[in-house]
Amino acid sequence: MAERMAFSPVPYTRRRRAVKFMLPLLGLVVIWQLVVVIFDVNPRIFPDVPTVLRAGWGTIADGSLLGHVTASLWRVTVGTVLAILLAVPLGILMGVSRGVSSFLSPLFRFFAVLAGIAWIPIATLWFGYGFGAITFVIFNAVFFVVAYNTLLGVSTIPMPIRHAAASLGTSRWQLLKEVLVPGALPNIVTGIRTGMGFAWRGLIAAEMIATNTGLGYMLFLARDFYRTEVIVFAMIIIGIIWLVLDRLLLAPLERATVERWGMVQRS
Amino acid sequence: MKNLSLENLSKTYFDPYAGTTVNAVQDVSLNVAAGEFVAVVGPSGCGKTTILNMIAGFVPISGGRVLVGGKEVKGPGPDRGVVFQSFALFPWKTVAENVTFGPKMRGVGKAERAKIAEEYLALAGLSHAADRYPNELSGGMQQRVGVVRALANNPDVLLMDEPFASVDAQTRMTLQEELTRIWEERRPTVIFITHDVAEAVFLANRVVVLSKGNVLEEVDIDLPRPRSWDRLVEDGDFKGLSNKVLQLVRSA
Ligand SMILES: Nc1ncnc2c1ncn2[C@@H]1O[C@H](COP(=O)(O)OP(=O)(O)OP(=O)(O)O)[C@@H](O)[C@H]1O
Ligand SMILES: [Mg+2]
């Protein structure tokens with residue numbers, strides 16, 4: 001495997017992987033167009049590809065798409081960053097003390113399940129409509145998943161590794177910095193990846209209810225005006241943004257660290 | 001290097017499920033001189049790992065004391081270096097970073113650490129692998145790192161629990177030869193636990209045979225050094241001592 005990698009130039013492999021990834025999606029677009037044309041589907045129900053592209057171009061040209069995308073990404077960024085900043089230290093703290101962790105982990109599992117859109121109604125009561133409520137929902141989606149995974153990561157660091165650190169003279173602080181955080185990193189990264197997945201879905205749902213800008217709102221608004229082509233375009237953008245985020249941001253993060261260390265299997 | 005003594009060391013485990021207690025180690029006393037290599041053998045379950053873990057400070061002592069250089073030890077500490085059967089290298093650190101982990105914890109500076117890495121990697125024949133990660137190494141190479149990681153921290157005593165049990169027979173012999181060479185060069189105080197009687201006789205100055213948590217017998221190994229398998233494999237004294245220890249283990 002390593003040898004084959006060495007012989008094939010990286011850009012080539014990367015392009016081939018990109019093509020392999022895009023091909024099924026392109027196939028879907030082709031089938032979509034064929035089905036719409038052959039069965040002469042009512043554009044209210046499902047428009048054809050050129051109509052959607054034209055509508056999409058319209059939202060790009062008048063700047064409305066950019067506004068929605070920016071609003072959505074900003075909320076996701078703020079909610080996620082805040083959640084990670086609080087969840088990782090808390091998860092580690094819980095992982096350090098077995099008593100605390102066994103007490104808190106049922107709670108965290110409970111809230112990890114509940115995290116996301118279930119919080120929308122109460123969030124709007126607390127924060128009103130707009131940025132606060134939506135960011136809170138995202139925060140929730142990421143926070144519990146990351147905290148739980150961090151806890152899991154710390155508590156599954158093998159005993160011999162901890163013993164090795166102790167018999168090499170680590171202080172408590174050094175143990176945290178040199179062993180617990182890097183040891184838990186595979187789980188932390190997984191937590192961030194799943195958490196952001198939840199957050200992105202939750203965001204769209206929350207934006208349909210609790211705001212007047214963002215991709216979810218764009219969907220909702222288009223529905224009110226029976227603009228199916230805008231709905232379809234927005235759905236495509238939502239999917240693409242997530243794929244780009246996941247493949248260009250989260251997956252490389254995983255590759256750069258934990259895969260190199262052999263702590264997770266290459267996916 | 002310092003001497004190590006175990007005074008009436010005992011360990012009783014409590015099994016909360018069965019509600020019973022196990023006397024894993026009972027009243028073991030042992031003196032290891034500074035710079036001595038002692039191997040501990042005995043049948044499975046006789047308490048070898050328990051003794052080592054008490055010396056290392058990984059499990060609480062039920063009775064008796066462990067003294068390093070005359071000072072009683074409590075809990076794990078850098079005065080007792082440990083080499084683990086499972087290697088226990090830090091996967092997120094390179095080979096060089098693993099080897100200099102102890103010095104880094106003591107606050108040794110970067111330049112000094114680079115020198116330490118160079119010295120100890122050369123000792124282990126791993127200079128070429130300094131920047132690789134443990135998962136990119138074979139088991140034999142990983143355990144070489146495990147050994148020099150412990151040594152590079154200048155412990156008073158080196159504790160090894162079946163360190164070569166999980167590598168293939170060929171590699172094991174090479175590692176054994178390397179360990180004797182390193183020991184002859186540096187003379188650390190070593191407690192080496194193993195199932196393998198030949199390994200114990202090959203490496204040690206003295207072999208301690210355990211039986212059911214007690215010291216059954218101690219056998220002095222006065223084979224000449226340097227030792228190598230090429231010479232010892234046909235050596236009458238080596239065979240005689242191995243047989244003697246094997247009989248003891250089997251009777252234990
Ligand atoms: N954590 C534990 N709780 C309860 N009993 C234990 C525990 N660890 C070991 N024992 C028991 O103590 C005894 C000694 O175990 P120990 O692991 O020290 O043996 P050992 O000589 O190292 O065996 P092996 O050669 O198989 O590694 C055994 O009877 C074992 O079942
Ligand atoms: Mg054992």
# chains A, B, ... in the order shown; residues from 1 in each chain; ligands from 1
call {"tool": "residues_near_ligand", "arguments": {"ligand": "ligand 2", "cutoff": "8 Å", "atoms": "only C-alpha atoms and all ligand atoms", "output": "NGL selection string"}}
result
:B and (44-45 or 47-50 or 161-162 or 193)
call {"tool": "select_by_dssp", "arguments": {"residues": "region 148-247 of chain B", "states": "alpha helix (DSSP H)", "output": "JSON, numbers by chain"}}
result
{"B": [148, 149, 150, 151, 169, 170, 171, 172, 173, 174, 175, 176, 177, 178, 179, 180, 181, 182, 183, 184, 185, 186, 197, 198, 199, 200, 201, 202, 203, 229, 230, 231, 232, 236, 237, 238, 239, 240, 241, 242, 243, 244, 245, 246, 247]}
call {"tool": "atom_distance", "arguments": {"atom1": "CA of Asn153 (chain B)", "atom2": "CA of Gln176 (chain B)"}}
result
20.8 Å
call {"tool": "residues_around", "arguments": {"residues": "region 71-73 of chain A", "least_positions_apart": "6", "cutoff": "7 Å", "atoms": "only C-alpha atoms", "output": "tab-separated table (two decimals) with N, CA, C and O atoms, in the first residue's frame"}}
result
chain	number	residue	atom	x	y	z
A	213	THR	N	-32.85	35.07	8.45
A	213	THR	CA	-31.74	34.94	7.51
A	213	THR	C	-31.07	33.59	7.74
A	213	THR	O	-31.26	32.97	8.77
A	214	GLY	N	-30.29	33.13	6.74
A	214	GLY	CA	-29.65	31.83	6.85
A	214	GLY	C	-30.25	30.85	5.86
A	214	GLY	O	-31.33	31.07	5.32
A	215	LEU	N	-29.53	29.75	5.64
A	215	LEU	CA	-29.94	28.79	4.61
A	215	LEU	C	-31.29	28.14	4.92
A	215	LEU	O	-32.09	27.90	4.03
call {"tool": "residues_around", "arguments": {"residues": "Leu93 (chain A)", "least_positions_apart": "6", "cutoff": "10 Å", "atoms": "only C-alpha atoms", "output": "mmCIF file with all heavy atoms, in the first residue's frame"}}
result
data_model
loop_
_atom_site.group_PDB
_atom_site.id
_atom_site.type_symbol
_atom_site.label_atom_id
_atom_site.label_comp_id
_atom_site.auth_asym_id
_atom_site.auth_seq_id
_atom_site.Cartn_x
_atom_site.Cartn_y
_atom_site.Cartn_z
ATOM 1 N N ALA A 87 -16.312 22.167 26.122
ATOM 2 C CA ALA A 87 -16.540 20.726 26.258
ATOM 3 C C ALA A 87 -15.246 19.955 26.485
ATOM 4 O O ALA A 87 -15.224 19.013 27.282
ATOM 5 C CB ALA A 87 -17.252 20.191 25.018
ATOM 6 N N VAL A 100 -16.388 11.309 39.311
ATOM 7 C CA VAL A 100 -17.128 12.343 38.592
ATOM 8 C C VAL A 100 -17.654 11.811 37.264
ATOM 9 O O VAL A 100 -18.798 12.043 36.885
ATOM 10 C CB VAL A 100 -16.232 13.583 38.349
ATOM 11 C CG1 VAL A 100 -16.958 14.628 37.532
ATOM 12 C CG2 VAL A 100 -15.771 14.169 39.671
ATOM 13 N N SER A 101 -16.808 11.056 36.571
ATOM 14 C CA SER A 101 -17.204 10.611 35.238
ATOM 15 C C SER A 101 -18.353 9.614 35.302
ATOM 16 O O SER A 101 -19.284 9.683 34.510
ATOM 17 C CB SER A 101 -16.016 10.014 34.490
ATOM 18 O OG SER A 101 -15.805 8.680 34.864
ATOM 19 N N ALA A 147 -18.034 16.685 24.641
ATOM 20 C CA ALA A 147 -17.695 16.411 26.049
ATOM 21 C C ALA A 147 -17.718 14.907 26.313
ATOM 22 O O ALA A 147 -16.795 14.357 26.922
ATOM 23 C CB ALA A 147 -18.664 17.130 26.984
ATOM 24 N N THR A 150 -14.775 13.267 24.610
ATOM 25 C CA THR A 150 -13.523 13.581 25.299
ATOM 26 C C THR A 150 -13.383 12.709 26.546
ATOM 27 O O THR A 150 -12.334 12.110 26.795
ATOM 28 C CB THR A 150 -13.490 15.066 25.699
ATOM 29 O OG1 THR A 150 -13.734 15.858 24.539
ATOM 30 C CG2 THR A 150 -12.135 15.436 26.282
ATOM 31 N N LEU A 151 -14.466 12.644 27.303
ATOM 32 C CA LEU A 151 -14.479 11.789 28.493
ATOM 33 C C LEU A 151 -14.132 10.349 28.117
ATOM 34 O O LEU A 151 -13.295 9.703 28.751
ATOM 35 C CB LEU A 151 -15.869 11.854 29.145
ATOM 36 C CG LEU A 151 -16.224 10.759 30.139
ATOM 37 C CD1 LEU A 151 -15.323 10.837 31.345
ATOM 38 C CD2 LEU A 151 -17.674 10.877 30.568
ATOM 39 N N VAL A 154 -10.387 10.085 27.249
ATOM 40 C CA VAL A 154 -9.493 10.106 28.411
ATOM 41 C C VAL A 154 -9.597 8.796 29.186
ATOM 42 O O VAL A 154 -8.592 8.217 29.583
ATOM 43 C CB VAL A 154 -9.820 11.295 29.332
ATOM 44 C CG1 VAL A 154 -9.032 11.202 30.629
ATOM 45 C CG2 VAL A 154 -9.501 12.605 28.630
ATOM 46 N N LEU A 176 -1.640 15.901 32.028
ATOM 47 C CA LEU A 176 -2.743 16.467 31.265
ATOM 48 C C LEU A 176 -2.300 16.841 29.855
ATOM 49 O O LEU A 176 -2.905 16.462 28.861
ATOM 50 C CB LEU A 176 -3.234 17.716 32.014
ATOM 51 C CG LEU A 176 -4.525 18.331 31.522
ATOM 52 C CD1 LEU A 176 -5.687 17.451 31.947
ATOM 53 C CD2 LEU A 176 -4.690 19.724 32.113
#
call {"tool": "select_by_dssp", "arguments": {"residues": "region 112-160 of chain B", "states": "strand (DSSP E)", "output": "compact mmCIF listing (two decimals) with C-alpha atoms, in the first residue's frame"}}
result
# COMPACT_ATOMS: atom_id res chain seq x y z
CA VAL B 157 16.39 0.72 39.21
CA LEU B 158 15.08 -0.73 35.96
CA LEU B 159 11.94 -2.88 36.17
CA MET B 160 10.97 -5.14 33.28
call {"tool": "interface_residues", "arguments": {"of": "chain B", "to": "chain A", "cutoff": "8 Å", "atoms": "only C-alpha atoms", "output": "NGL selection string"}}
result
:B and (56 or 58 or 76-82 or 84 or 86 or 88-93 or 101-102 or 105-106 or 133-135 or 150 or 153)
call {"tool": "write_last_selection", "arguments": {"atoms": "C-alpha atoms", "output": "PDB file, in the first residue's frame"}}
result
ATOM      1  CA  ALA B  56       6.863   0.400  40.513  1.00  0.00           C
ATOM      2  CA  PHE B  58       1.304   0.947  40.369  1.00  0.00           C
ATOM      3  CA  PRO B  76       5.309   5.585  40.974  1.00  0.00           C
ATOM      4  CA  GLY B  77       8.390   7.712  40.449  1.00  0.00           C
ATOM      5  CA  PRO B  78      11.211   8.378  38.006  1.00  0.00           C
ATOM      6  CA  ASP B  79      13.717   6.598  40.301  1.00  0.00           C
ATOM      7  CA  ARG B  80      12.191   3.334  39.032  1.00  0.00           C
ATOM      8  CA  GLY B  81      12.121   3.013  35.248  1.00  0.00           C
ATOM      9  CA  VAL B  82       9.678   0.499  33.813  1.00  0.00           C
ATOM     10  CA  PHE B  84       6.283  -2.866  29.718  1.00  0.00           C
ATOM     11  CA  SER B  86       2.885  -4.030  25.809  1.00  0.00           C
ATOM     12  CA  ALA B  88       3.360   1.391  26.231  1.00  0.00           C
ATOM     13  CA  LEU B  89       5.022   3.912  23.953  1.00  0.00           C
ATOM     14  CA  PHE B  90       3.219   7.206  23.424  1.00  0.00           C
ATOM     15  CA  PRO B  91       1.681   6.839  19.954  1.00  0.00           C
ATOM     16  CA  TRP B  92       1.467  10.615  19.488  1.00  0.00           C
ATOM     17  CA  LYS B  93       5.178  11.137  20.002  1.00  0.00           C
ATOM     18  CA  PHE B 101      10.068  12.018  27.530  1.00  0.00           C
ATOM     19  CA  GLY B 102      11.528  11.526  31.013  1.00  0.00           C
ATOM     20  CA  MET B 105       9.440  16.030  32.338  1.00  0.00           C
ATOM     21  CA  ARG B 106      12.471  16.955  34.445  1.00  0.00           C
ATOM     22  CA  TYR B 133       6.030   7.238  15.049  1.00  0.00           C
ATOM     23  CA  PRO B 134       5.769   4.038  17.095  1.00  0.00           C
ATOM     24  CA  ASN B 135       3.050   2.572  14.885  1.00  0.00           C
ATOM     25  CA  ALA B 150      13.404   3.947  30.517  1.00  0.00           C
ATOM     26  CA  ASN B 153      15.690   8.894  32.340  1.00  0.00           C
TER      27      ASN B 153
END
call {"tool": "decode", "arguments": {"residues": "region 77-106 of chain A", "atoms": "N, CA and C atoms", "output": "PDB file, in the first residue's frame"}}
result
ATOM      1  N   THR A  77     -20.000  28.518  13.286  1.00  0.00           N
ATOM      2  CA  THR A  77     -18.645  28.729  13.796  1.00  0.00           C
ATOM      3  C   THR A  77     -18.673  29.145  15.263  1.00  0.00           C
ATOM      4  N   VAL A  78     -19.491  30.143  15.576  1.00  0.00           N
ATOM      5  CA  VAL A  78     -19.531  30.631  16.958  1.00  0.00           C
ATOM      6  C   VAL A  78     -19.993  29.514  17.899  1.00  0.00           C
ATOM      7  N   GLY A  79     -21.098  28.848  17.524  1.00  0.00           N
ATOM      8  CA  GLY A  79     -21.637  27.794  18.392  1.00  0.00           C
ATOM      9  C   GLY A  79     -20.643  26.664  18.587  1.00  0.00           C
ATOM     10  N   THR A  80     -19.999  26.255  17.489  1.00  0.00           N
ATOM     11  CA  THR A  80     -19.074  25.128  17.573  1.00  0.00           C
ATOM     12  C   THR A  80     -17.827  25.485  18.380  1.00  0.00           C
ATOM     13  N   VAL A  81     -17.252  26.637  18.081  1.00  0.00           N
ATOM     14  CA  VAL A  81     -16.020  27.018  18.775  1.00  0.00           C
ATOM     15  C   VAL A  81     -16.279  27.152  20.282  1.00  0.00           C
ATOM     16  N   LEU A  82     -17.360  27.828  20.632  1.00  0.00           N
ATOM     17  CA  LEU A  82     -17.700  27.951  22.057  1.00  0.00           C
ATOM     18  C   LEU A  82     -17.869  26.577  22.694  1.00  0.00           C
ATOM     19  N   ALA A  83     -18.583  25.702  21.993  1.00  0.00           N
ATOM     20  CA  ALA A  83     -18.856  24.373  22.544  1.00  0.00           C
ATOM     21  C   ALA A  83     -17.568  23.592  22.749  1.00  0.00           C
ATOM     22  N   ILE A  84     -16.674  23.640  21.759  1.00  0.00           N
ATOM     23  CA  ILE A  84     -15.418  22.890  21.881  1.00  0.00           C
ATOM     24  C   ILE A  84     -14.585  23.437  23.031  1.00  0.00           C
ATOM     25  N   LEU A  85     -14.517  24.775  23.113  1.00  0.00           N
ATOM     26  CA  LEU A  85     -13.709  25.396  24.170  1.00  0.00           C
ATOM     27  C   LEU A  85     -14.185  24.982  25.556  1.00  0.00           C
ATOM     28  N   LEU A  86     -15.476  24.796  25.717  1.00  0.00           N
ATOM     29  CA  LEU A  86     -15.975  24.399  27.034  1.00  0.00           C
ATOM     30  C   LEU A  86     -16.007  22.880  27.214  1.00  0.00           C
ATOM     31  N   ALA A  87     -16.312  22.167  26.122  1.00  0.00           N
ATOM     32  CA  ALA A  87     -16.540  20.726  26.258  1.00  0.00           C
ATOM     33  C   ALA A  87     -15.246  19.955  26.485  1.00  0.00           C
ATOM     34  N   VAL A  88     -14.161  20.346  25.801  1.00  0.00           N
ATOM     35  CA  VAL A  88     -12.918  19.575  25.932  1.00  0.00           C
ATOM     36  C   VAL A  88     -12.364  19.634  27.359  1.00  0.00           C
ATOM     37  N   PRO A  89     -12.212  20.825  27.935  1.00  0.00           N
ATOM     38  CA  PRO A  89     -11.727  20.855  29.329  1.00  0.00           C
ATOM     39  C   PRO A  89     -12.661  20.108  30.285  1.00  0.00           C
ATOM     40  N   LEU A  90     -13.962  20.270  30.089  1.00  0.00           N
ATOM     41  CA  LEU A  90     -14.891  19.587  30.977  1.00  0.00           C
ATOM     42  C   LEU A  90     -14.784  18.066  30.821  1.00  0.00           C
ATOM     43  N   GLY A  91     -14.709  17.620  29.570  1.00  0.00           N
ATOM     44  CA  GLY A  91     -14.575  16.189  29.319  1.00  0.00           C
ATOM     45  C   GLY A  91     -13.324  15.625  29.967  1.00  0.00           C
ATOM     46  N   ILE A  92     -12.232  16.385  29.880  1.00  0.00           N
ATOM     47  CA  ILE A  92     -10.980  15.923  30.473  1.00  0.00           C
ATOM     48  C   ILE A  92     -11.079  15.897  31.991  1.00  0.00           C
ATOM     49  N   LEU A  93     -11.661  16.940  32.538  1.00  0.00           N
ATOM     50  CA  LEU A  93     -11.859  16.995  33.984  1.00  0.00           C
ATOM     51  C   LEU A  93     -12.655  15.786  34.473  1.00  0.00           C
ATOM     52  N   MET A  94     -13.694  15.472  33.714  1.00  0.00           N
ATOM     53  CA  MET A  94     -14.509  14.309  34.072  1.00  0.00           C
ATOM     54  C   MET A  94     -13.705  13.025  33.931  1.00  0.00           C
ATOM     55  N   GLY A  95     -12.864  12.986  32.881  1.00  0.00           N
ATOM     56  CA  GLY A  95     -12.088  11.785  32.640  1.00  0.00           C
ATOM     57  C   GLY A  95     -11.021  11.545  33.692  1.00  0.00           C
ATOM     58  N   VAL A  96     -10.543  12.611  34.317  1.00  0.00           N
ATOM     59  CA  VAL A  96      -9.496  12.483  35.318  1.00  0.00           C
ATOM     60  C   VAL A  96     -10.030  11.802  36.568  1.00  0.00           C
ATOM     61  N   SER A  97     -11.267  12.133  36.915  1.00  0.00           N
ATOM     62  CA  SER A  97     -11.823  11.557  38.124  1.00  0.00           C
ATOM     63  C   SER A  97     -12.896  10.530  37.783  1.00  0.00           C
ATOM     64  N   ARG A  98     -12.627   9.294  38.158  1.00  0.00           N
ATOM     65  CA  ARG A  98     -13.568   8.231  37.836  1.00  0.00           C
ATOM     66  C   ARG A  98     -14.929   8.441  38.492  1.00  0.00           C
ATOM     67  N   GLY A  99     -14.899   8.951  39.715  1.00  0.00           N
ATOM     68  CA  GLY A  99     -16.147   9.195  40.427  1.00  0.00           C
ATOM     69  C   GLY A  99     -17.016  10.184  39.676  1.00  0.00           C
ATOM     70  N   VAL A 100     -16.388  11.309  39.311  1.00  0.00           N
ATOM     71  CA  VAL A 100     -17.128  12.343  38.592  1.00  0.00           C
ATOM     72  C   VAL A 100     -17.654  11.811  37.264  1.00  0.00           C
ATOM     73  N   SER A 101     -16.808  11.056  36.571  1.00  0.00           N
ATOM     74  CA  SER A 101     -17.204  10.611  35.238  1.00  0.00           C
ATOM     75  C   SER A 101     -18.353   9.614  35.302  1.00  0.00           C
ATOM     76  N   SER A 102     -18.305   8.683  36.272  1.00  0.00           N
ATOM     77  CA  SER A 102     -19.390   7.709  36.302  1.00  0.00           C
ATOM     78  C   SER A 102     -20.690   8.375  36.743  1.00  0.00           C
ATOM     79  N   PHE A 103     -20.546   9.456  37.522  1.00  0.00           N
ATOM     80  CA  PHE A 103     -21.749  10.187  37.923  1.00  0.00           C
ATOM     81  C   PHE A 103     -22.337  10.978  36.755  1.00  0.00           C
ATOM     82  N   LEU A 104     -21.449  11.624  35.998  1.00  0.00           N
ATOM     83  CA  LEU A 104     -21.938  12.534  34.949  1.00  0.00           C
ATOM     84  C   LEU A 104     -22.246  11.855  33.620  1.00  0.00           C
ATOM     85  N   SER A 105     -21.643  10.680  33.372  1.00  0.00           N
ATOM     86  CA  SER A 105     -21.771  10.160  32.012  1.00  0.00           C
ATOM     87  C   SER A 105     -23.212   9.784  31.619  1.00  0.00           C
ATOM     88  N   PRO A 106     -24.059   9.279  32.527  1.00  0.00           N
ATOM     89  CA  PRO A 106     -25.466   9.086  32.119  1.00  0.00           C
ATOM     90  C   PRO A 106     -26.137  10.393  31.707  1.00  0.00           C
TER      91      PRO A 106
END
